[in-house]
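Peer 1: Pasting a structure here, questions to come.
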Amino acid sequence: MRGIIGLAVVVALAFATDHWFGAIGVTRLFGLLVLGACVYACFAPSFTIAAGNTEIAKLTGWKKVAALVPLGAVGLALVLYAPAVTCISSKYKHLCA
């Protein structure tokens, strides 16, 4: 149930951000969420990668960091280069200057 409520909050936040700040703001918000999840997972003792109910791997130590650093870099790129990332989409070509 917490997952459904969390998803509803993220979707509502994305719609509100789109209304007030536009597509670039939503891209920045998504980047911040990815970056925040990576920082949160870095401080967890371990975390499990799963597909549905099937556990694929349990990551700890350097394996956890090796998985999270590239994902954190993607989140940081989304935050720092939000206009360029948003401009790639054909729907938002008018934002390209």
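Chain identifiers are assigned as A, B, and so on, following the order in which chains appear in the structure tokens; residues are numbered from 1 within each chain, and ligands are numbered from 1 in order of appearance.
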As a PyMOL selection string, which residues of chain A does DSSP assign to alpha helix (DSSP H)?
Peer 2: chain A and resi 2-42+61-80+82-88
Peer 1: For Leu68 of chain A, find every residue with an atom within 9 Å (counting only C-alpha atoms), except residues of its own chain fewer than 4 positions away, and show them as a PyMOL selection string.
Peer 2: chain A and resi 38-39+41-42+63-64+72-73
Peer 1: Write the residues of the selection above to a file with N, CA, C and O atoms, as an mmCIF file, in the first residue's frame.
Peer 2:
data_model
loop_
_atom_site.group_PDB
_atom_site.id
_atom_site.type_symbol
_atom_site.label_atom_id
_atom_site.label_comp_id
_atom_site.auth_asym_id
_atom_site.auth_seq_id
_atom_site.Cartn_x
_atom_site.Cartn_y
_atom_site.Cartn_z
ATOM 1 N N CYS A 38 19.574 7.296 -4.934
ATOM 2 C CA CYS A 38 20.942 6.758 -4.897
ATOM 3 C C CYS A 38 21.636 7.092 -3.590
ATOM 4 O O CYS A 38 22.307 6.239 -2.999
ATOM 5 N N VAL A 39 21.482 8.331 -3.135
ATOM 6 C CA VAL A 39 22.108 8.726 -1.865
ATOM 7 C C VAL A 39 21.498 7.936 -0.714
ATOM 8 O O VAL A 39 22.216 7.452 0.167
ATOM 9 N N ALA A 41 20.122 4.951 -0.864
ATOM 10 C CA ALA A 41 20.566 3.558 -0.960
ATOM 11 C C ALA A 41 22.028 3.402 -0.571
ATOM 12 O O ALA A 41 22.431 2.345 -0.083
ATOM 13 N N CYS A 42 22.841 4.444 -0.770
ATOM 14 C CA CYS A 42 24.255 4.357 -0.382
ATOM 15 C C CYS A 42 24.416 4.179 1.123
ATOM 16 O O CYS A 42 25.356 3.546 1.574
ATOM 17 N N LYS A 63 30.113 -3.561 -4.316
ATOM 18 C CA LYS A 63 29.162 -3.900 -5.378
ATOM 19 C C LYS A 63 27.984 -2.923 -5.378
ATOM 20 O O LYS A 63 27.481 -2.541 -6.431
ATOM 21 N N LYS A 64 27.578 -2.535 -4.182
ATOM 22 C CA LYS A 64 26.485 -1.571 -4.058
ATOM 23 C C LYS A 64 26.909 -0.228 -4.631
ATOM 24 O O LYS A 64 26.175 0.385 -5.406
ATOM 25 N N GLY A 72 23.603 7.405 -10.075
ATOM 26 C CA GLY A 72 23.689 8.748 -9.511
ATOM 27 C C GLY A 72 24.210 9.759 -10.518
ATOM 28 O O GLY A 72 23.776 10.908 -10.552
ATOM 29 N N ALA A 73 25.134 9.329 -11.370
ATOM 30 C CA ALA A 73 25.655 10.212 -12.414
ATOM 31 C C ALA A 73 24.560 10.567 -13.418
ATOM 32 O O ALA A 73 24.486 11.711 -13.888
#
Peer 1: Residues of chain A classed as strand (DSSP E or B) by DSSP on the backbone are to be reported as a ChimeraX atom specification.
Peer 2: /A:47-51,54-59
Peer 1: Could you pull the residues within 12 Å of Ala14 of chain A, counting only C-alpha atoms, minus those fewer than 6 positions along the same chain, as a list in words?
Peer 2: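 The filter keeps Leu7, Ala8, Trp20, Phe21, Gly22, Ala23, Ile24, Gly25, Val26, Thr27, Arg28, Leu29, Phe30, Gly31, Leu32 and Leu33 of chain A.
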Peer 1: Work out how far atom CA of Ala12 of chain A is from atom CA of Ala84 of chain A, in Å to one decimal.
Peer 2: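 Atom CA of Ala12 of chain A lies 24.2 Å from atom CA of Ala84 of chain A.
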Peer 1: So which one's closest to Ala77 of chain A, A:Val9, A:Val34, A:Arg2, A:Pro45? Using only C-alpha atoms, please.
Peer 2: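 Ranked by minimum distance to Ala77 of chain A, first place goes to A:Val34.
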